[in-house]
$ cat work.cif   # mmCIF, N, CA and C atoms
data_upload
#
loop_
_atom_site.label_atom_id
_atom_site.label_comp_id
_atom_site.auth_asym_id
_atom_site.auth_seq_id
_atom_site.Cartn_x
_atom_site.Cartn_y
_atom_site.Cartn_z
N MET A 1 0.85 -1.17 0.00
CA MET A 1 0.00 0.00 0.00
C MET A 1 0.90 1.24 0.00
N THR A 2 0.61 2.17 -0.86
CA THR A 2 1.40 3.39 -0.91
C THR A 2 0.96 4.35 0.19
N GLN A 3 1.76 5.38 0.42
CA GLN A 3 1.38 6.40 1.39
C GLN A 3 0.06 7.05 1.00
N ALA A 4 -0.09 7.34 -0.28
CA ALA A 4 -1.32 7.99 -0.75
C ALA A 4 -2.54 7.08 -0.54
N GLN A 5 -2.40 5.81 -0.83
CA GLN A 5 -3.50 4.86 -0.63
C GLN A 5 -3.85 4.75 0.85
N PHE A 6 -2.82 4.65 1.67
CA PHE A 6 -3.05 4.54 3.12
C PHE A 6 -3.71 5.81 3.65
N ALA A 7 -3.22 6.96 3.21
CA ALA A 7 -3.79 8.24 3.64
C ALA A 7 -5.28 8.31 3.29
N ARG A 8 -5.64 7.92 2.07
CA ARG A 8 -7.05 7.91 1.67
C ARG A 8 -7.85 6.96 2.55
N ALA A 9 -7.29 5.80 2.85
CA ALA A 9 -8.00 4.79 3.63
C ALA A 9 -8.33 5.27 5.04
N ILE A 10 -7.48 6.12 5.61
CA ILE A 10 -7.72 6.59 6.98
C ILE A 10 -8.21 8.04 7.03
N GLY A 11 -8.45 8.62 5.88
CA GLY A 11 -9.00 9.98 5.83
C GLY A 11 -8.02 11.06 6.22
N ARG A 12 -6.75 10.85 5.94
CA ARG A 12 -5.72 11.84 6.20
C ARG A 12 -4.98 12.15 4.90
N SER A 13 -4.13 13.17 4.93
CA SER A 13 -3.39 13.53 3.73
C SER A 13 -2.12 12.70 3.60
N LYS A 14 -1.62 12.60 2.38
CA LYS A 14 -0.35 11.90 2.15
C LYS A 14 0.77 12.61 2.90
N ASP A 15 0.72 13.93 2.95
CA ASP A 15 1.73 14.69 3.69
C ASP A 15 1.74 14.33 5.18
N ALA A 16 0.56 14.09 5.74
CA ALA A 16 0.49 13.69 7.15
C ALA A 16 1.18 12.34 7.35
N VAL A 17 0.91 11.39 6.47
CA VAL A 17 1.53 10.07 6.57
C VAL A 17 3.05 10.19 6.42
N THR A 18 3.49 11.00 5.47
CA THR A 18 4.93 11.21 5.27
C THR A 18 5.57 11.79 6.51
N SER A 19 4.91 12.77 7.12
CA SER A 19 5.49 13.43 8.31
C SER A 19 5.56 12.46 9.49
N TRP A 20 4.60 11.52 9.60
CA TRP A 20 4.68 10.51 10.66
C TRP A 20 5.86 9.57 10.42
N GLU A 21 5.99 9.15 9.17
CA GLU A 21 7.07 8.21 8.85
C GLU A 21 8.44 8.83 9.05
N CYS A 22 8.55 10.12 8.77
CA CYS A 22 9.84 10.81 8.93
C CYS A 22 10.08 11.26 10.36
N GLY A 23 9.08 11.17 11.21
CA GLY A 23 9.23 11.58 12.60
C GLY A 23 9.05 13.06 12.85
N ARG A 24 8.56 13.79 11.85
CA ARG A 24 8.34 15.23 12.02
C ARG A 24 7.14 15.51 12.92
N ASN A 25 6.13 14.67 12.83
CA ASN A 25 4.92 14.84 13.64
C ASN A 25 4.56 13.53 14.30
N ARG A 26 3.87 13.65 15.43
CA ARG A 26 3.37 12.46 16.12
C ARG A 26 1.97 12.14 15.61
N ILE A 27 1.62 10.89 15.71
CA ILE A 27 0.29 10.44 15.28
C ILE A 27 -0.70 10.75 16.40
N SER A 28 -1.79 11.43 16.06
CA SER A 28 -2.82 11.73 17.06
C SER A 28 -3.59 10.45 17.41
N LEU A 29 -4.26 10.47 18.54
CA LEU A 29 -5.04 9.31 18.96
C LEU A 29 -6.13 9.01 17.94
N SER A 30 -6.80 10.04 17.42
CA SER A 30 -7.87 9.78 16.46
C SER A 30 -7.31 9.14 15.19
N SER A 31 -6.14 9.58 14.75
CA SER A 31 -5.53 8.96 13.56
C SER A 31 -5.10 7.53 13.86
N ALA A 32 -4.58 7.30 15.05
CA ALA A 32 -4.16 5.94 15.43
C ALA A 32 -5.37 5.01 15.50
N LEU A 33 -6.49 5.51 15.99
CA LEU A 33 -7.70 4.70 16.03
C LEU A 33 -8.20 4.38 14.63
N ARG A 34 -8.13 5.37 13.73
CA ARG A 34 -8.53 5.12 12.34
C ARG A 34 -7.64 4.06 11.70
N MET A 35 -6.34 4.17 11.94
CA MET A 35 -5.40 3.19 11.40
C MET A 35 -5.68 1.81 11.96
N SER A 36 -5.91 1.75 13.27
CA SER A 36 -6.20 0.47 13.91
C SER A 36 -7.44 -0.17 13.31
N ALA A 37 -8.48 0.64 13.12
CA ALA A 37 -9.72 0.12 12.54
C ALA A 37 -9.50 -0.36 11.11
N ARG A 38 -8.79 0.43 10.34
CA ARG A 38 -8.53 0.08 8.93
C ARG A 38 -7.68 -1.18 8.82
N LEU A 39 -6.65 -1.28 9.66
CA LEU A 39 -5.73 -2.42 9.60
C LEU A 39 -6.23 -3.62 10.42
N GLN A 40 -7.26 -3.39 11.23
CA GLN A 40 -7.79 -4.39 12.16
C GLN A 40 -6.68 -4.93 13.07
N ARG A 41 -5.87 -4.00 13.55
CA ARG A 41 -4.79 -4.28 14.50
C ARG A 41 -4.81 -3.18 15.55
N ASN A 42 -4.58 -3.53 16.80
CA ASN A 42 -4.65 -2.56 17.87
C ASN A 42 -3.32 -1.82 18.03
N ILE A 43 -3.00 -0.98 17.07
CA ILE A 43 -1.73 -0.26 17.14
C ILE A 43 -1.72 0.79 18.24
N VAL A 44 -2.89 1.19 18.71
CA VAL A 44 -2.98 2.17 19.79
C VAL A 44 -2.31 1.62 21.04
N ASP A 45 -2.51 0.35 21.30
CA ASP A 45 -1.92 -0.29 22.47
C ASP A 45 -0.64 -1.04 22.12
N GLY A 46 -0.14 -0.84 20.90
CA GLY A 46 1.13 -1.46 20.50
C GLY A 46 1.05 -2.95 20.24
N LYS A 47 -0.13 -3.44 19.91
CA LYS A 47 -0.31 -4.86 19.65
C LYS A 47 -0.54 -5.11 18.17
N THR A 48 -0.19 -6.28 17.71
CA THR A 48 -0.38 -6.59 16.29
C THR A 48 -1.37 -7.72 16.07
N ASP A 49 -1.97 -8.24 17.14
CA ASP A 49 -2.98 -9.28 16.98
C ASP A 49 -4.21 -8.69 16.30
N ALA A 50 -4.87 -9.52 15.51
CA ALA A 50 -6.09 -9.07 14.83
C ALA A 50 -7.13 -8.66 15.86
N ILE A 51 -7.89 -7.62 15.53
CA ILE A 51 -8.93 -7.11 16.43
C ILE A 51 -10.05 -6.52 15.58
N SER A 52 -11.28 -6.69 16.05
CA SER A 52 -12.41 -6.10 15.34
C SER A 52 -12.55 -4.64 15.76
N VAL A 53 -13.27 -3.89 14.96
CA VAL A 53 -13.50 -2.48 15.29
C VAL A 53 -14.26 -2.39 16.61
N ALA A 54 -15.22 -3.28 16.81
CA ALA A 54 -16.00 -3.26 18.05
C ALA A 54 -15.09 -3.48 19.26
N GLU A 55 -14.17 -4.45 19.16
CA GLU A 55 -13.24 -4.71 20.26
C GLU A 55 -12.32 -3.52 20.51
N LEU A 56 -12.00 -2.81 19.47
CA LEU A 56 -11.12 -1.65 19.57
C LEU A 56 -11.83 -0.46 20.21
N VAL A 57 -13.07 -0.24 19.82
CA VAL A 57 -13.80 0.96 20.24
C VAL A 57 -14.48 0.79 21.59
N GLU A 58 -15.00 -0.41 21.88
CA GLU A 58 -15.79 -0.61 23.09
C GLU A 58 -15.09 -0.17 24.38
N PRO A 59 -13.83 -0.53 24.62
CA PRO A 59 -13.18 -0.07 25.86
C PRO A 59 -13.07 1.44 25.95
N ARG A 60 -12.89 2.10 24.83
CA ARG A 60 -12.79 3.56 24.83
C ARG A 60 -14.14 4.21 25.10
N VAL A 61 -15.20 3.63 24.59
CA VAL A 61 -16.55 4.13 24.87
C VAL A 61 -16.86 3.96 26.36
N MET A 62 -16.52 2.80 26.91
CA MET A 62 -16.76 2.55 28.33
C MET A 62 -15.99 3.54 29.21
N GLU A 63 -14.74 3.80 28.86
CA GLU A 63 -13.94 4.77 29.61
C GLU A 63 -14.53 6.17 29.50
N TYR A 64 -15.00 6.53 28.33
CA TYR A 64 -15.64 7.83 28.14
C TYR A 64 -16.89 7.94 29.01
N GLU A 65 -17.69 6.89 29.05
CA GLU A 65 -18.91 6.91 29.86
C GLU A 65 -18.56 7.02 31.35
N ARG A 66 -17.52 6.30 31.81
CA ARG A 66 -17.08 6.41 33.21
C ARG A 66 -16.64 7.83 33.52
N SER A 67 -15.92 8.43 32.57
CA SER A 67 -15.44 9.80 32.75
C SER A 67 -16.62 10.77 32.87
N LEU A 68 -17.63 10.60 32.03
CA LEU A 68 -18.80 11.46 32.11
C LEU A 68 -19.52 11.30 33.44
N ARG A 69 -19.67 10.06 33.90
CA ARG A 69 -20.33 9.83 35.18
C ARG A 69 -19.57 10.47 36.34
N ARG A 70 -18.23 10.38 36.31
CA ARG A 70 -17.41 11.02 37.36
C ARG A 70 -17.63 12.52 37.35
N ARG A 71 -17.59 13.10 36.15
CA ARG A 71 -17.76 14.56 36.06
C ARG A 71 -19.14 15.02 36.50
N MET A 72 -20.15 14.16 36.28
CA MET A 72 -21.51 14.50 36.64
C MET A 72 -21.83 14.12 38.09
N GLY A 73 -20.89 13.42 38.74
CA GLY A 73 -21.10 13.01 40.12
C GLY A 73 -22.09 11.88 40.29
N VAL A 74 -22.22 11.07 39.26
CA VAL A 74 -23.18 9.94 39.31
C VAL A 74 -22.47 8.68 39.70
#

$ encode --input "work.cif" --output "structure tokens"
Amino acid sequence: MTQAQFARAIGRSKDAVTSWECGRNRISLSSALRMSARLQRNIVDGKTDAISVAELVEPRVMEYERSLRRRMGV
């Protein structure tokens, strides 16, 4: 897969992919999640085992909900 193809697949620019590969910029969490979903690998947690999008997203949704409950005092 070329940089341009990968960039299109994750909804980012080719320049963004190039800057990550060269170390000029860090990958944001949202970009890492998109990559993980596209590749079906949990690169966010540094793992290469296959993972479904649901398995990838569910823990983050649960953490977000816990965070909201804490902030709301529930």

$ atom_distance --input "work.cif" --atom1 "CA of Leu29 (chain A)" --atom2 "CA of Val17 (chain A)"
14.0 Å

$ residues_around --input "work.cif" --residues "region 44-48 of chain A" --least-positions-apart "5" --cutoff "7 Å" --atoms "only N, CA and C atoms" --output "ChimeraX atom specification"
/A:32-33,36

$ residues_near_point --input "work.cif" --point "(0.3, 12.1, 1.3)" --cutoff "6 Å" --atoms "only C-alpha atoms" --output "PDB file with N, CA and C atoms, in the frame of the given file"
ATOM      1  N   GLN A   3       1.760   5.380   0.420  1.00  0.00           N
ATOM      2  CA  GLN A   3       1.380   6.400   1.390  1.00  0.00           C
ATOM      3  C   GLN A   3       0.060   7.050   1.000  1.00  0.00           C
ATOM      4  N   ALA A   4      -0.090   7.340  -0.280  1.00  0.00           N
ATOM      5  CA  ALA A   4      -1.320   7.990  -0.750  1.00  0.00           C
ATOM      6  C   ALA A   4      -2.540   7.080  -0.540  1.00  0.00           C
ATOM      7  N   SER A  13      -4.130  13.170   4.930  1.00  0.00           N
ATOM      8  CA  SER A  13      -3.390  13.530   3.730  1.00  0.00           C
ATOM      9  C   SER A  13      -2.120  12.700   3.600  1.00  0.00           C
ATOM     10  N   LYS A  14      -1.620  12.600   2.380  1.00  0.00           N
ATOM     11  CA  LYS A  14      -0.350  11.900   2.150  1.00  0.00           C
ATOM     12  C   LYS A  14       0.770  12.610   2.900  1.00  0.00           C
ATOM     13  N   ASP A  15       0.720  13.930   2.950  1.00  0.00           N
ATOM     14  CA  ASP A  15       1.730  14.690   3.690  1.00  0.00           C
ATOM     15  C   ASP A  15       1.740  14.330   5.180  1.00  0.00           C
ATOM     16  N   VAL A  17       0.910  11.390   6.470  1.00  0.00           N
ATOM     17  CA  VAL A  17       1.530  10.070   6.570  1.00  0.00           C
ATOM     18  C   VAL A  17       3.050  10.190   6.420  1.00  0.00           C
TER      19      VAL A  17
END

$ atom_distance --input "work.cif" --atom1 "CA of Ser30 (chain A)" --atom2 "CA of Ile10 (chain A)"
10.0 Å

$ atom_distance --input "work.cif" --atom1 "atom N of Phe6 (chain A)" --atom2 "atom N of Glu58 (chain A)"
24.1 Å

$ select_by_dssp --input "work.cif" --residues "region 11-57 of chain A" --states "alpha helix (DSSP H)" --output "list in words"
Lys14, Asp15, Ala16, Val17, Thr18, Ser19, Trp20, Glu21, Cys22, Leu29, Ser30, Ser31, Ala32, Leu33, Arg34, Met35, Ser36, Ala37, Arg38, Leu39, Val53, Ala54, Glu55, Leu56 and Val57 of chain A

$ closest_residue --input "work.cif" --among "A:Thr2, A:Ala9, A:Arg66, A:Val61" --to "Met35 (chain A)" --atoms "all atoms listed in the file"
A:Ala9

$ residues_around --input "work.cif" --residues "Ala16 (chain A)" --least-positions-apart "6" --cutoff "9 Å" --atoms "only C-alpha atoms" --output "PDB file with N, CA and C atoms, keeping the file's coordinate frame"
ATOM      1  N   ALA A   7      -3.220   6.960   3.210  1.00  0.00           N
ATOM      2  CA  ALA A   7      -3.790   8.240   3.640  1.00  0.00           C
ATOM      3  C   ALA A   7      -5.280   8.310   3.290  1.00  0.00           C
ATOM      4  N   ASN A  25       6.130  14.670  12.830  1.00  0.00           N
ATOM      5  CA  ASN A  25       4.920  14.840  13.640  1.00  0.00           C
ATOM      6  C   ASN A  25       4.560  13.530  14.300  1.00  0.00           C
ATOM      7  N   ILE A  27       1.620  10.890  15.710  1.00  0.00           N
ATOM      8  CA  ILE A  27       0.290  10.440  15.280  1.00  0.00           C
ATOM      9  C   ILE A  27      -0.700  10.750  16.400  1.00  0.00           C
TER      10      ILE A  27
END

$ axis_aligned_box --input "work.cif" --around "region 47-65 of chain A" --padding-each-side "3 Å" --output "lines of an AutoDock Vina configuration file"
center_x = -9.5
center_y = -0.8
center_z = 23.1
size_x = 24.8
size_y = 23.5
size_z = 22.5

$ resolve_selection --input "work.cif" --expression "the PyMOL selection byres ((chain A and resi 53) around 8)" --output "count of residues only"
13
